[in-house]
Amino acid sequence: MTQQTRPTVVKSDAEWRAQLTPQEFHVLREAGTERAFTGEYTDTKTIGVYHCRACQTELFRSDTKFESHCGWPSFYAPSDAKNVVLIEDNTLGMKRVEVRCATCNSHLGHVFHGEGYGTPTDDRYCINSISLTLEPTGK
C-alpha cells in the first residue's frame, strides 16, 4: 500500500458541497458507494482517460479497464500509481483496501488482489462511476 500523503487540493465541506451534487458528495467526500450496475461507466467501452470528478487528476485509462461483472467499473492498474492512495479499510467487518485520489483525498472505491481475473496485475480497482469523469480520446 502507498503511504497517505497530504492532498494538494483542500476544500471545506461547504466548498465541496457547492461543487458536487449531493450524491457525488456522499461518495467522494463521505466514502459512500453508488448502487451496483447503475453507474455511468460500468459498461462503457469508450476509449479515453478517467479523471477524478472532484479535482480532474488523471486516475485510469480505458486500456486498463476490464469486464469483471461486479457492477462497477473495474481497472487492473491506475495510469500513475502516485495519483492514488491505498488505505487499509476494516469497516463493515471486512478487510479491504480503499482507493482515494492522492490530489484531493476523494474516495474512489476499493482495490482487490488475487481474484484470478487474468489481468497483468491480478488487481481489480473497483471504482464508483460517480467518482470519475471520462475524457474520450477519439482513437
# chains A, B, ... in the order shown; residues from 1 in each chain; ligands from 1
>>> select_by_dssp(residues="chain A", states="helix (DSSP H, G or I)", output="list in words")
Asp13, Ala14, Glu15, Trp16, Arg17, Ala18, Gln19, Pro22, Gln23, Glu24, Phe25, His26, Val27, Leu28, Arg29, Glu30, Ser62, Asp63, Thr64, Ala81, Lys82, Asn83, Thr91, Leu92, Gly93, Ser129, Ile130 and Ser131 of chain A
>>> residues_around(residues="Thr137 of chain A", least_positions_apart="4", cutoff="9 Å", atoms="only C-alpha atoms", output="ChimeraX atom specification")
/A:46-49
>>> closest_residue(among="A:Ser68, A:Ser62, A:Tyr50, A:Ala31", to="His110 of chain A", atoms="only C-alpha atoms")
A:Ala31
>>> select_by_dssp(residues="segment 59-99 of chain A", states="strand (DSSP E or B)", output="PyMOL selection string")
chain A and resi 59-61+65-66+74-75+84-89+96-99
>>> write_last_selection(atoms="N, CA, C and O atoms", output="JSON list (two decimals), in the first residue's frame")
[["chain", "number", "residue", "atom", "x", "y", "z"],
["A", 59, "LEU", "N", -6.61, 9.41, -13.37],
["A", 59, "LEU", "CA", -6.57, 8.24, -12.50],
["A", 59, "LEU", "C", -6.38, 6.92, -13.27],
["A", 59, "LEU", "O", -5.57, 6.09, -12.89],
["A", 60, "PHE", "N", -7.17, 6.72, -14.31],
["A", 60, "PHE", "CA", -7.16, 5.45, -15.05],
["A", 60, "PHE", "C", -7.27, 5.73, -16.54],
["A", 60, "PHE", "O", -7.73, 6.80, -16.95],
["A", 61, "ARG", "N", -6.86, 4.75, -17.33],
["A", 61, "ARG", "CA", -7.03, 4.81, -18.79],
["A", 61, "ARG", "C", -7.87, 3.62, -19.23],
["A", 61, "ARG", "O", -7.84, 2.56, -18.60],
["A", 65, "LYS", "N", -9.14, -0.97, -18.33],
["A", 65, "LYS", "CA", -10.50, -1.29, -17.89],
["A", 65, "LYS", "C", -10.84, -2.69, -18.39],
["A", 65, "LYS", "O", -10.49, -3.06, -19.50],
["A", 66, "PHE", "N", -11.51, -3.47, -17.56],
["A", 66, "PHE", "CA", -11.88, -4.82, -17.98],
["A", 66, "PHE", "C", -13.25, -5.18, -17.41],
["A", 66, "PHE", "O", -13.75, -4.55, -16.49],
["A", 74, "SER", "N", -14.19, -1.56, -13.53],
["A", 74, "SER", "CA", -13.01, -2.23, -12.99],
["A", 74, "SER", "C", -11.80, -1.95, -13.85],
["A", 74, "SER", "O", -11.88, -2.00, -15.08],
["A", 75, "PHE", "N", -10.69, -1.68, -13.19],
["A", 75, "PHE", "CA", -9.42, -1.40, -13.85],
["A", 75, "PHE", "C", -8.36, -2.28, -13.18],
["A", 75, "PHE", "O", -8.45, -2.56, -11.99],
["A", 84, "VAL", "N", -2.99, 7.81, -6.87],
["A", 84, "VAL", "CA", -3.94, 7.20, -5.94],
["A", 84, "VAL", "C", -3.25, 6.85, -4.63],
["A", 84, "VAL", "O", -2.03, 6.64, -4.59],
["A", 85, "VAL", "N", -4.04, 6.81, -3.58],
["A", 85, "VAL", "CA", -3.56, 6.42, -2.26],
["A", 85, "VAL", "C", -4.37, 5.19, -1.85],
["A", 85, "VAL", "O", -5.59, 5.17, -2.01],
["A", 86, "LEU", "N", -3.70, 4.19, -1.34],
["A", 86, "LEU", "CA", -4.35, 2.96, -0.89],
["A", 86, "LEU", "C", -4.32, 2.92, 0.63],
["A", 86, "LEU", "O", -3.26, 3.07, 1.24],
["A", 87, "ILE", "N", -5.50, 2.71, 1.23],
["A", 87, "ILE", "CA", -5.64, 2.77, 2.68],
["A", 87, "ILE", "C", -6.35, 1.51, 3.16],
["A", 87, "ILE", "O", -7.42, 1.17, 2.64],
["A", 88, "GLU", "N", -5.78, 0.85, 4.17],
["A", 88, "GLU", "CA", -6.45, -0.30, 4.75],
["A", 88, "GLU", "C", -7.80, 0.12, 5.32],
["A", 88, "GLU", "O", -7.91, 1.13, 6.00],
["A", 89, "ASP", "N", -8.84, -0.64, 4.99],
["A", 89, "ASP", "CA", -10.22, -0.33, 5.37],
["A", 89, "ASP", "C", -10.81, -1.55, 6.06],
["A", 89, "ASP", "O", -11.02, -2.58, 5.44],
["A", 96, "ARG", "N", -10.45, -4.68, 3.65],
["A", 96, "ARG", "CA", -10.39, -4.23, 2.26],
["A", 96, "ARG", "C", -9.33, -3.15, 2.15],
["A", 96, "ARG", "O", -8.80, -2.69, 3.15],
["A", 97, "VAL", "N", -9.07, -2.72, 0.91],
["A", 97, "VAL", "CA", -8.15, -1.62, 0.66],
["A", 97, "VAL", "C", -8.91, -0.54, -0.11],
["A", 97, "VAL", "O", -9.36, -0.76, -1.23],
["A", 98, "GLU", "N", -9.06, 0.61, 0.54],
["A", 98, "GLU", "CA", -9.75, 1.74, -0.06],
["A", 98, "GLU", "C", -8.82, 2.46, -1.03],
["A", 98, "GLU", "O", -7.62, 2.57, -0.79],
["A", 99, "VAL", "N", -9.39, 2.97, -2.13],
["A", 99, "VAL", "CA", -8.64, 3.76, -3.11],
["A", 99, "VAL", "C", -9.13, 5.20, -3.01],
["A", 99, "VAL", "O", -10.34, 5.46, -3.09]]
>>> decode(residues="segment 59-93 of chain A", atoms="N, CA, C and O atoms", output="mmCIF file, in the first residue's frame")
data_model
loop_
_atom_site.group_PDB
_atom_site.id
_atom_site.type_symbol
_atom_site.label_atom_id
_atom_site.label_comp_id
_atom_site.auth_asym_id
_atom_site.auth_seq_id
_atom_site.Cartn_x
_atom_site.Cartn_y
_atom_site.Cartn_z
ATOM 1 N N LEU A 59 -6.608 9.411 -13.368
ATOM 2 C CA LEU A 59 -6.568 8.236 -12.498
ATOM 3 C C LEU A 59 -6.384 6.922 -13.267
ATOM 4 O O LEU A 59 -5.567 6.087 -12.885
ATOM 5 N N PHE A 60 -7.173 6.719 -14.309
ATOM 6 C CA PHE A 60 -7.158 5.453 -15.050
ATOM 7 C C PHE A 60 -7.269 5.735 -16.536
ATOM 8 O O PHE A 60 -7.734 6.798 -16.946
ATOM 9 N N ARG A 61 -6.864 4.748 -17.334
ATOM 10 C CA ARG A 61 -7.029 4.811 -18.793
ATOM 11 C C ARG A 61 -7.871 3.617 -19.226
ATOM 12 O O ARG A 61 -7.839 2.558 -18.599
ATOM 13 N N SER A 62 -8.597 3.818 -20.301
ATOM 14 C CA SER A 62 -9.519 2.779 -20.757
ATOM 15 C C SER A 62 -8.806 1.477 -21.133
ATOM 16 O O SER A 62 -9.423 0.407 -21.077
ATOM 17 N N ASP A 63 -7.527 1.537 -21.483
ATOM 18 C CA ASP A 63 -6.842 0.295 -21.861
ATOM 19 C C ASP A 63 -6.559 -0.615 -20.661
ATOM 20 O O ASP A 63 -6.140 -1.760 -20.842
ATOM 21 N N THR A 64 -6.831 -0.139 -19.428
ATOM 22 C CA THR A 64 -6.696 -0.998 -18.247
ATOM 23 C C THR A 64 -8.061 -1.381 -17.672
ATOM 24 O O THR A 64 -8.132 -2.054 -16.651
ATOM 25 N N LYS A 65 -9.139 -0.966 -18.334
ATOM 26 C CA LYS A 65 -10.498 -1.288 -17.890
ATOM 27 C C LYS A 65 -10.840 -2.686 -18.392
ATOM 28 O O LYS A 65 -10.491 -3.062 -19.505
ATOM 29 N N PHE A 66 -11.509 -3.469 -17.556
ATOM 30 C CA PHE A 66 -11.884 -4.817 -17.979
ATOM 31 C C PHE A 66 -13.253 -5.185 -17.410
ATOM 32 O O PHE A 66 -13.749 -4.552 -16.492
ATOM 33 N N GLU A 67 -13.842 -6.210 -17.990
ATOM 34 C CA GLU A 67 -15.170 -6.681 -17.594
ATOM 35 C C GLU A 67 -15.032 -7.629 -16.402
ATOM 36 O O GLU A 67 -14.569 -8.751 -16.556
ATOM 37 N N SER A 68 -15.435 -7.166 -15.236
ATOM 38 C CA SER A 68 -15.399 -8.026 -14.047
ATOM 39 C C SER A 68 -16.795 -8.488 -13.659
ATOM 40 O O SER A 68 -16.942 -9.388 -12.843
ATOM 41 N N HIS A 69 -17.818 -7.851 -14.229
ATOM 42 C CA HIS A 69 -19.226 -8.172 -13.956
ATOM 43 C C HIS A 69 -19.575 -8.001 -12.480
ATOM 44 O O HIS A 69 -20.427 -8.692 -11.951
ATOM 45 N N CYS A 70 -18.905 -7.050 -11.815
ATOM 46 C CA CYS A 70 -19.151 -6.816 -10.388
ATOM 47 C C CYS A 70 -20.138 -5.682 -10.141
ATOM 48 O O CYS A 70 -20.568 -5.469 -9.011
ATOM 49 N N GLY A 71 -20.483 -4.922 -11.195
ATOM 50 C CA GLY A 71 -21.442 -3.838 -11.036
ATOM 51 C C GLY A 71 -20.849 -2.448 -10.992
ATOM 52 O O GLY A 71 -21.570 -1.455 -10.939
ATOM 53 N N TRP A 72 -19.526 -2.358 -11.003
ATOM 54 C CA TRP A 72 -18.819 -1.078 -11.006
ATOM 55 C C TRP A 72 -17.708 -1.159 -12.052
ATOM 56 O O TRP A 72 -17.223 -2.251 -12.359
ATOM 57 N N PRO A 73 -17.242 -0.028 -12.568
ATOM 58 C CA PRO A 73 -16.104 -0.078 -13.489
ATOM 59 C C PRO A 73 -14.887 -0.703 -12.793
ATOM 60 O O PRO A 73 -14.619 -0.410 -11.627
ATOM 61 N N SER A 74 -14.186 -1.556 -13.530
ATOM 62 C CA SER A 74 -13.011 -2.234 -12.986
ATOM 63 C C SER A 74 -11.797 -1.947 -13.850
ATOM 64 O O SER A 74 -11.875 -1.996 -15.078
ATOM 65 N N PHE A 75 -10.690 -1.677 -13.193
ATOM 66 C CA PHE A 75 -9.416 -1.403 -13.848
ATOM 67 C C PHE A 75 -8.363 -2.278 -13.183
ATOM 68 O O PHE A 75 -8.447 -2.560 -11.994
ATOM 69 N N TYR A 76 -7.337 -2.691 -13.934
ATOM 70 C CA TYR A 76 -6.296 -3.501 -13.300
ATOM 71 C C TYR A 76 -5.108 -2.681 -12.808
ATOM 72 O O TYR A 76 -4.258 -3.202 -12.088
ATOM 73 N N ALA A 77 -5.074 -1.378 -13.128
ATOM 74 C CA ALA A 77 -3.987 -0.517 -12.636
ATOM 75 C C ALA A 77 -4.362 0.948 -12.850
ATOM 76 O O ALA A 77 -5.029 1.275 -13.835
ATOM 77 N N PRO A 78 -3.907 1.817 -11.952
ATOM 78 C CA PRO A 78 -4.079 3.252 -12.209
ATOM 79 C C PRO A 78 -3.113 3.683 -13.309
ATOM 80 O O PRO A 78 -2.121 3.003 -13.585
ATOM 81 N N SER A 79 -3.396 4.813 -13.940
ATOM 82 C CA SER A 79 -2.497 5.293 -15.001
ATOM 83 C C SER A 79 -1.145 5.706 -14.424
ATOM 84 O O SER A 79 -0.128 5.603 -15.090
ATOM 85 N N ASP A 80 -1.138 6.171 -13.172
ATOM 86 C CA ASP A 80 0.095 6.505 -12.467
ATOM 87 C C ASP A 80 -0.147 6.217 -10.987
ATOM 88 O O ASP A 80 -1.032 6.826 -10.376
ATOM 89 N N ALA A 81 0.615 5.304 -10.426
ATOM 90 C CA ALA A 81 0.400 4.885 -9.038
ATOM 91 C C ALA A 81 0.465 6.047 -8.051
ATOM 92 O O ALA A 81 -0.182 5.997 -7.001
ATOM 93 N N LYS A 82 1.196 7.097 -8.378
ATOM 94 C CA LYS A 82 1.310 8.223 -7.437
ATOM 95 C C LYS A 82 0.024 9.050 -7.373
ATOM 96 O O LYS A 82 -0.127 9.887 -6.483
ATOM 97 N N ASN A 83 -0.915 8.818 -8.291
ATOM 98 C CA ASN A 83 -2.161 9.578 -8.303
ATOM 99 C C ASN A 83 -3.249 8.988 -7.422
ATOM 100 O O ASN A 83 -4.318 9.578 -7.270
ATOM 101 N N VAL A 84 -2.986 7.811 -6.867
ATOM 102 C CA VAL A 84 -3.938 7.195 -5.941
ATOM 103 C C VAL A 84 -3.245 6.852 -4.628
ATOM 104 O O VAL A 84 -2.034 6.640 -4.592
ATOM 105 N N VAL A 85 -4.036 6.814 -3.579
ATOM 106 C CA VAL A 85 -3.564 6.417 -2.262
ATOM 107 C C VAL A 85 -4.370 5.192 -1.849
ATOM 108 O O VAL A 85 -5.592 5.171 -2.006
ATOM 109 N N LEU A 86 -3.698 4.189 -1.337
ATOM 110 C CA LEU A 86 -4.354 2.962 -0.886
ATOM 111 C C LEU A 86 -4.323 2.922 0.631
ATOM 112 O O LEU A 86 -3.264 3.071 1.241
ATOM 113 N N ILE A 87 -5.497 2.714 1.227
ATOM 114 C CA ILE A 87 -5.639 2.769 2.676
ATOM 115 C C ILE A 87 -6.351 1.515 3.165
ATOM 116 O O ILE A 87 -7.417 1.172 2.645
ATOM 117 N N GLU A 88 -5.782 0.855 4.167
ATOM 118 C CA GLU A 88 -6.452 -0.301 4.750
ATOM 119 C C GLU A 88 -7.795 0.123 5.315
ATOM 120 O O GLU A 88 -7.911 1.135 6.002
ATOM 121 N N ASP A 89 -8.844 -0.642 4.989
ATOM 122 C CA ASP A 89 -10.219 -0.330 5.372
ATOM 123 C C ASP A 89 -10.813 -1.545 6.061
ATOM 124 O O ASP A 89 -11.019 -2.582 5.436
ATOM 125 N N ASN A 90 -11.062 -1.424 7.352
ATOM 126 C CA ASN A 90 -11.616 -2.534 8.123
ATOM 127 C C ASN A 90 -13.065 -2.306 8.525
ATOM 128 O O ASN A 90 -13.559 -2.924 9.462
ATOM 129 N N THR A 91 -13.774 -1.428 7.802
ATOM 130 C CA THR A 91 -15.178 -1.171 8.110
ATOM 131 C C THR A 91 -16.035 -2.341 7.643
ATOM 132 O O THR A 91 -15.604 -3.173 6.843
ATOM 133 N N LEU A 92 -17.237 -2.399 8.133
ATOM 134 C CA LEU A 92 -18.220 -3.424 7.763
ATOM 135 C C LEU A 92 -17.738 -4.835 8.068
ATOM 136 O O LEU A 92 -18.199 -5.787 7.455
ATOM 137 N N GLY A 93 -16.796 -4.986 8.991
ATOM 138 C CA GLY A 93 -16.316 -6.301 9.389
ATOM 139 C C GLY A 93 -15.494 -7.016 8.332
ATOM 140 O O GLY A 93 -15.324 -8.228 8.396
#
